[in-house]
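Asker: Next comes the structure file coords08.cif, holding mmCIF, C-alpha atoms and all ligand atoms.
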data_target
#
loop_
_atom_site.label_atom_id
_atom_site.label_comp_id
_atom_site.auth_asym_id
_atom_site.auth_seq_id
_atom_site.Cartn_x
_atom_site.Cartn_y
_atom_site.Cartn_z
CA MET R 853 120.97 141.37 7.10
CA THR R 854 118.86 143.58 4.88
CA THR R 855 116.17 146.08 5.82
CA GLU R 856 113.33 147.14 3.55
CA VAL R 857 110.43 149.50 4.05
CA THR R 858 107.12 148.52 2.46
CA ARG R 859 104.07 150.73 2.08
CA SER R 860 101.32 148.23 1.36
CA GLU R 861 100.41 144.62 1.98
CA GLU R 862 101.19 143.90 -1.66
CA GLU R 863 104.70 145.37 -1.33
CA THR R 864 105.33 143.07 1.63
CA ALA R 865 104.12 140.05 -0.33
CA ALA R 866 106.25 141.10 -3.31
CA LEU R 867 109.34 141.33 -1.09
CA ALA R 868 108.75 137.77 0.14
CA ALA R 869 108.15 136.57 -3.41
CA ARG R 870 111.57 137.96 -4.41
CA LEU R 871 113.21 136.10 -1.51
CA ALA R 872 111.54 132.74 -2.21
CA PRO R 873 113.71 131.62 -5.17
CA TYR R 874 116.81 131.79 -2.97
CA LEU R 875 115.47 129.43 -0.28
CA PRO R 876 117.02 125.96 -0.42
CA PRO R 877 115.08 122.75 0.33
CA GLY R 878 114.67 122.18 4.07
CA HIS R 879 115.09 125.86 4.94
CA ILE R 880 113.21 127.46 7.83
CA VAL R 881 111.87 131.04 7.89
CA LEU R 882 110.95 132.50 11.29
CA LEU R 883 108.51 135.43 11.35
CA PHE R 884 108.40 137.95 14.20
CA GLY R 885 106.03 140.89 14.59
CA ASP R 886 102.86 142.01 16.34
CA LEU R 887 99.33 141.15 15.32
CA GLY R 888 98.66 142.83 11.98
CA ALA R 889 102.33 143.35 11.20
CA GLY R 890 102.08 141.45 7.93
CA LYS R 891 103.45 138.01 8.73
CA THR R 892 100.67 136.21 6.87
CA ALA R 893 101.06 138.64 3.95
CA PHE R 894 104.72 137.67 3.88
CA VAL R 895 103.78 133.95 3.77
CA ARG R 896 101.42 134.70 0.86
CA GLY R 897 104.38 136.17 -1.02
CA LEU R 898 106.55 133.17 -0.23
CA ALA R 899 103.86 130.89 -1.72
CA ARG R 900 103.73 133.07 -4.80
CA GLY R 901 107.50 133.08 -5.19
CA LEU R 902 107.64 129.30 -4.90
CA GLY R 903 104.89 128.93 -7.47
CA ALA R 904 102.19 127.64 -5.13
CA ASP R 905 98.63 128.99 -4.91
CA GLU R 906 98.91 132.11 -2.76
CA ASP R 907 95.12 132.35 -2.38
CA ALA R 908 95.25 129.23 -0.20
CA VAL R 909 97.26 131.16 2.40
CA SER R 910 95.25 132.47 5.33
CA SER R 911 95.66 132.94 9.03
CA PRO R 912 94.85 129.44 10.20
CA THR R 913 91.92 129.44 12.59
CA PHE R 914 91.69 125.84 13.70
CA THR R 915 94.57 124.43 11.75
CA LEU R 916 97.94 125.02 13.26
CA VAL R 917 99.77 123.75 10.22
CA GLN R 918 98.91 124.23 6.56
CA GLU R 919 100.71 122.93 3.51
CA TYR R 920 100.75 124.54 0.10
CA ARG R 921 101.89 122.29 -2.71
CA GLY R 922 102.26 122.78 -6.41
CA GLY R 923 105.28 125.05 -6.33
CA ARG R 924 109.01 124.49 -6.65
CA LEU R 925 109.00 123.30 -3.01
CA THR R 926 106.18 122.49 -0.61
CA LEU R 927 105.56 125.36 1.78
CA THR R 928 104.60 124.34 5.32
CA HIS R 929 102.99 127.20 7.24
CA VAL R 930 102.80 127.11 11.03
CA ASP R 931 101.04 129.80 13.09
CA LEU R 932 101.76 129.59 16.81
CA TYR R 933 99.42 132.47 17.76
CA ARG R 934 96.64 130.36 19.24
CA LEU R 935 98.83 127.95 21.12
CA GLY R 936 98.56 128.59 24.81
CA SER R 937 101.43 126.87 26.47
CA VAL R 938 105.01 126.56 25.42
CA ALA R 939 104.84 122.86 26.31
CA GLU R 940 102.36 122.34 23.47
CA ILE R 941 104.75 123.97 21.07
CA ASP R 942 107.54 121.77 22.30
CA ASP R 943 105.47 118.73 21.32
CA LEU R 944 104.80 119.82 17.75
CA GLY R 945 107.76 118.12 16.18
CA LEU R 946 108.80 121.23 14.28
CA GLU R 947 112.29 119.88 13.80
CA GLU R 948 110.90 116.93 11.89
CA MET R 949 108.91 119.30 9.68
CA GLY R 950 112.01 121.34 9.00
CA ALA R 951 113.90 118.24 8.03
CA ALA R 952 111.48 117.72 5.16
CA ASP R 953 112.44 118.76 1.68
CA GLY R 954 110.27 121.84 1.59
CA ILE R 955 110.25 125.27 3.19
CA LEU R 956 108.95 125.70 6.74
CA VAL R 957 107.68 129.14 7.74
CA ILE R 958 106.64 129.87 11.34
CA GLU R 959 104.52 132.85 12.45
CA TRP R 960 105.00 134.05 16.08
CA ALA R 961 108.38 132.35 16.17
CA ASP R 962 109.17 134.08 19.49
CA ARG R 963 106.91 131.44 21.08
CA LEU R 964 109.24 128.62 20.18
CA VAL R 965 110.71 126.91 23.21
CA ARG R 966 114.00 126.01 21.64
CA PRO R 967 115.71 128.41 19.27
CA ILE R 968 116.23 127.21 15.72
CA ALA R 969 119.74 128.21 14.77
CA ALA R 970 119.86 127.70 11.02
CA ALA R 971 116.96 129.81 9.90
CA THR R 972 116.19 133.07 8.14
CA ARG R 973 114.69 135.54 10.61
CA VAL R 974 112.18 138.10 9.37
CA ARG R 975 111.24 140.87 11.80
CA ILE R 976 108.34 143.10 10.78
CA GLY R 977 107.85 146.36 12.63
CA ILE R 978 104.78 148.57 12.25
CA THR R 979 106.08 152.09 11.60
CA ASP R 980 102.87 153.69 10.29
CA ALA R 981 99.35 152.66 9.29
CA ASP R 982 100.49 151.18 5.98
CA GLU R 983 104.23 151.22 6.53
CA ARG R 984 106.34 148.29 7.70
CA ARG R 985 110.05 148.02 8.43
CA ILE R 986 111.16 144.52 7.49
CA GLU R 987 114.50 143.12 8.64
CA ILE R 988 115.65 139.94 6.96
CA GLY R 989 118.68 138.17 8.32
P1 LIG R 1001 99.92 139.18 10.82
O1 LIG R 1001 99.92 137.83 10.15
O2 LIG R 1001 101.30 139.68 11.14
O3 LIG R 1001 99.01 139.26 12.01
P2 LIG R 1001 98.51 140.00 8.42
O4 LIG R 1001 99.42 139.74 7.28
O5 LIG R 1001 97.42 139.02 8.66
O6 LIG R 1001 99.37 140.25 9.76
O7 LIG R 1001 97.81 141.41 8.26
C1 LIG R 1001 98.52 142.60 8.00
C2 LIG R 1001 97.52 143.73 7.93
O8 LIG R 1001 98.18 144.98 7.81
C3 LIG R 1001 96.60 143.60 6.72
O9 LIG R 1001 95.33 144.07 7.06
C4 LIG R 1001 97.27 144.51 5.71
O10 LIG R 1001 96.39 145.02 4.74
C5 LIG R 1001 97.80 145.62 6.60
N1 LIG R 1001 98.98 146.32 6.04
C6 LIG R 1001 99.07 147.66 5.87
N2 LIG R 1001 100.26 148.01 5.37
C7 LIG R 1001 100.96 146.84 5.24
C8 LIG R 1001 102.29 146.56 4.78
N3 LIG R 1001 103.15 147.53 4.38
N4 LIG R 1001 102.68 145.27 4.77
C9 LIG R 1001 101.84 144.29 5.20
N5 LIG R 1001 100.58 144.51 5.65
C10 LIG R 1001 100.14 145.77 5.67
MG MG R 1002 99.14 135.97 10.73
#
Rewrite the structure from the file as C-alpha cells, please.

Answerer:
Amino acid sequence: MTTEVTRSEEETAALAARLAPYLPPGHIVLLFGDLGAGKTAFVRGLARGLGADEDAVSSPTFTLVQEYRGGRLTLTHVDLYRLGSVAEIDDLGLEEMGAADGILVIEWADRLVRPIAAATRVRIGITDADERRIEIG
C-alpha cells in the first residue's frame, strides 16, 4: 500500500502513468472516489503509461465500456456511474473482460456486486480544491 498526495489533475495522471509499466497482462485496477475525485484523470495517465492515446480517454456518456489500443497492452475502461441497478452490473461479464490479455480499469468499483479479489485498488480522496490523497494497494 502506498499513499501519494497530488496537487493537480496532471500530477494524478502522472502518478498513474508511473504505475502503468508495472501492470501485468490481465490485471484489473479498481477506482474508488466521489464524483470529481480524479478517477478519469487516473485512467488518462494509465493510457499514457501504456503508450495508448490518452486524449481518447473521457468520461463515457453513453458507452459503458471503452477500449484504448495502440499501447503495450489494450486498456479497457469501464465506468459504472450511470448504471442504475446492481443486477445490470452483474450481467456485464466483467470477469470475461478481465480474463483478456489487457488491463481492465473500473471507475465506481464500489458498485460491483461481487468483489474482485486479485486487483489493484486505487482510492482517491478529495482533501482540498486541487489536492487529492491517493491510496494504491
Ligand atoms: P472522476 O472521474 O473521479 O469523476 P475526473 O477525473 O473526471 O473525476 O475529474 C477530476 C476533476 O478534479 C477535474 O476537473 C480536475 O481538473 C480536478 N482536479 C483538481 N485537482 C486534482 C487532482 N489533484 N487530481 C485529479 N483531479 C483534480
Ligand atoms: Mg470519471

Asker: Smallest atom-to-atom distance to Leu932 in chain R: which of R:Tyr874, R:Glu959, R:Gly885, R:Glu987, using only C-alpha atoms?

Answerer: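 The closest residue to Leu932 in chain R is R:Glu959.
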
Asker: In Å, with one decimal, what is the gap from CA of Glu983 in chain R to atom C7 of ligand LIG 1001 (chain R)?

Answerer: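 Taking CA of Glu983 in chain R and atom C7 of ligand LIG 1001 (chain R), their separation equals 5.6 Å.
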
Asker: Can you work out which one of R:Ile978, R:Ala872, R:Ala865, R:Val930 has the shortest atom-to-atom distance to Leu964 in chain R, counting all atoms listed in the file?

Answerer: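 Answer, going by the shortest atom-to-atom distance: R:Val930.
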
Asker: I'd like a table as a Markdown table: residues in chain R with an atom no more than 6 Å from ligand LIG 1001 (chain R), each row giving the shortest atom pair and its distance in Å to one decimal, all atoms listed in the file counted, sorted by chain and rising residue number.

Answerer:
| residue | atom | partner | partner_atom | distance |
| --- | --- | --- | --- | --- |
| R:Thr858 | CA | R:LIG1001 | N3 | 4.5 |
| R:Arg859 | CA | R:LIG1001 | N3 | 4.0 |
| R:Ser860 | CA | R:LIG1001 | N3 | 3.6 |
| R:Glu861 | CA | R:LIG1001 | C9 | 3.5 |
| R:Thr864 | CA | R:LIG1001 | N4 | 4.7 |
| R:Gly885 | CA | R:LIG1001 | O2 | 6.0 |
| R:Asp886 | CA | R:LIG1001 | O2 | 5.9 |
| R:Leu887 | CA | R:LIG1001 | O3 | 3.8 |
| R:Gly888 | CA | R:LIG1001 | O6 | 3.5 |
| R:Ala889 | CA | R:LIG1001 | O2 | 3.8 |
| R:Gly890 | CA | R:LIG1001 | O4 | 3.2 |
| R:Lys891 | CA | R:LIG1001 | O2 | 3.6 |
| R:Thr892 | CA | R:LIG1001 | O1 | 3.7 |
| R:Ala893 | CA | R:LIG1001 | O4 | 3.9 |
| R:Asp982 | CA | R:LIG1001 | N2 | 3.2 |
| R:Glu983 | CA | R:LIG1001 | N3 | 4.4 |
| R:Arg984 | CA | R:LIG1001 | N3 | 4.7 |

Asker: Given the choices R:Ile955, R:Leu898, R:Val909, R:Ala981, which gets closest to ligand MG 1002 (chain R) if the distance is worked out from all atoms listed in the file?

Answerer: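 Residue with the minimum atom-to-atom distance to ligand MG 1002 (chain R): R:Val909.
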
Asker: Using Å and a single decimal, report how far CA of Leu867 in chain R sits from CA of Thr854 in chain R.

Answerer: 11.5 Å

Asker: Need the shell around Val917 in chain R: protein/DNA/RNA residues with any atom at most 8 Å away, counting all atoms listed in the file. Skip same-chain ones fewer than 3 positions apart. Format as a tab-separated table (two decimals) with C-alpha atoms, in the coordinates of the input?

Answerer:
chain	number	residue	atom	x	y	z
R	912	PRO	CA	94.85	129.44	10.20
R	928	THR	CA	104.60	124.34	5.32
R	929	HIS	CA	102.99	127.20	7.24
R	930	VAL	CA	102.80	127.11	11.03
R	931	ASP	CA	101.04	129.80	13.09

Asker: Work out how far CA of Val974 in chain R is from CA of Gly989 in chain R, in Å to one decimal.

Answerer: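 Computing the Euclidean distance for CA of Gly989 in chain R and CA of Val974 in chain R yields 6.6 Å.
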
Asker: Would you mind listing what lies within 12 Å of Ile968 in chain R as an mmCIF file with C-alpha atoms, in the coordinates of the input, with only C-alpha atoms counted and same-chain residues fewer than 4 positions away left out?

Answerer:
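Heads up, here's the output in selection.cif:
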data_model
loop_
_atom_site.group_PDB
_atom_site.id
_atom_site.type_symbol
_atom_site.label_atom_id
_atom_site.label_comp_id
_atom_site.auth_asym_id
_atom_site.auth_seq_id
_atom_site.Cartn_x
_atom_site.Cartn_y
_atom_site.Cartn_z
ATOM 1 C CA HIS R 879 115.090 125.860 4.940
ATOM 2 C CA ILE R 880 113.210 127.460 7.830
ATOM 3 C CA VAL R 881 111.870 131.040 7.890
ATOM 4 C CA LEU R 882 110.950 132.500 11.290
ATOM 5 C CA LEU R 946 108.800 121.230 14.280
ATOM 6 C CA GLU R 947 112.290 119.880 13.800
ATOM 7 C CA GLY R 950 112.010 121.340 9.000
ATOM 8 C CA LEU R 956 108.950 125.700 6.740
ATOM 9 C CA VAL R 957 107.680 129.140 7.740
ATOM 10 C CA ILE R 958 106.640 129.870 11.340
ATOM 11 C CA ALA R 961 108.380 132.350 16.170
ATOM 12 C CA ASP R 962 109.170 134.080 19.490
ATOM 13 C CA ARG R 963 106.910 131.440 21.080
ATOM 14 C CA LEU R 964 109.240 128.620 20.180
ATOM 15 C CA THR R 972 116.190 133.070 8.140
ATOM 16 C CA ARG R 973 114.690 135.540 10.610
#

Asker: Select, from R:Arg921, R:Leu935, R:Ser910, R:Val857, the residue with the minimum atom-to-atom distance to Asp980 in chain R, counting all atoms listed in the file.

Answerer: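 For Asp980 in chain R, the nearest of the given residues is R:Val857.
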
Asker: Given the choices R:Asp907, R:Thr855, R:Arg896, R:Leu944, which gets closest to ligand MG 1002 (chain R) if the distance is worked out from only C-alpha atoms and all ligand atoms?

Answerer: R:Arg896

Asker: Looking at R:Leu916, R:Leu902, R:Ile988, R:Ala866, which one is nearest to ligand MG 1002 (chain R), with distances taken over all atoms listed in the file?

Answerer: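 The answer is R:Leu916, which sits nearest to ligand MG 1002 (chain R).
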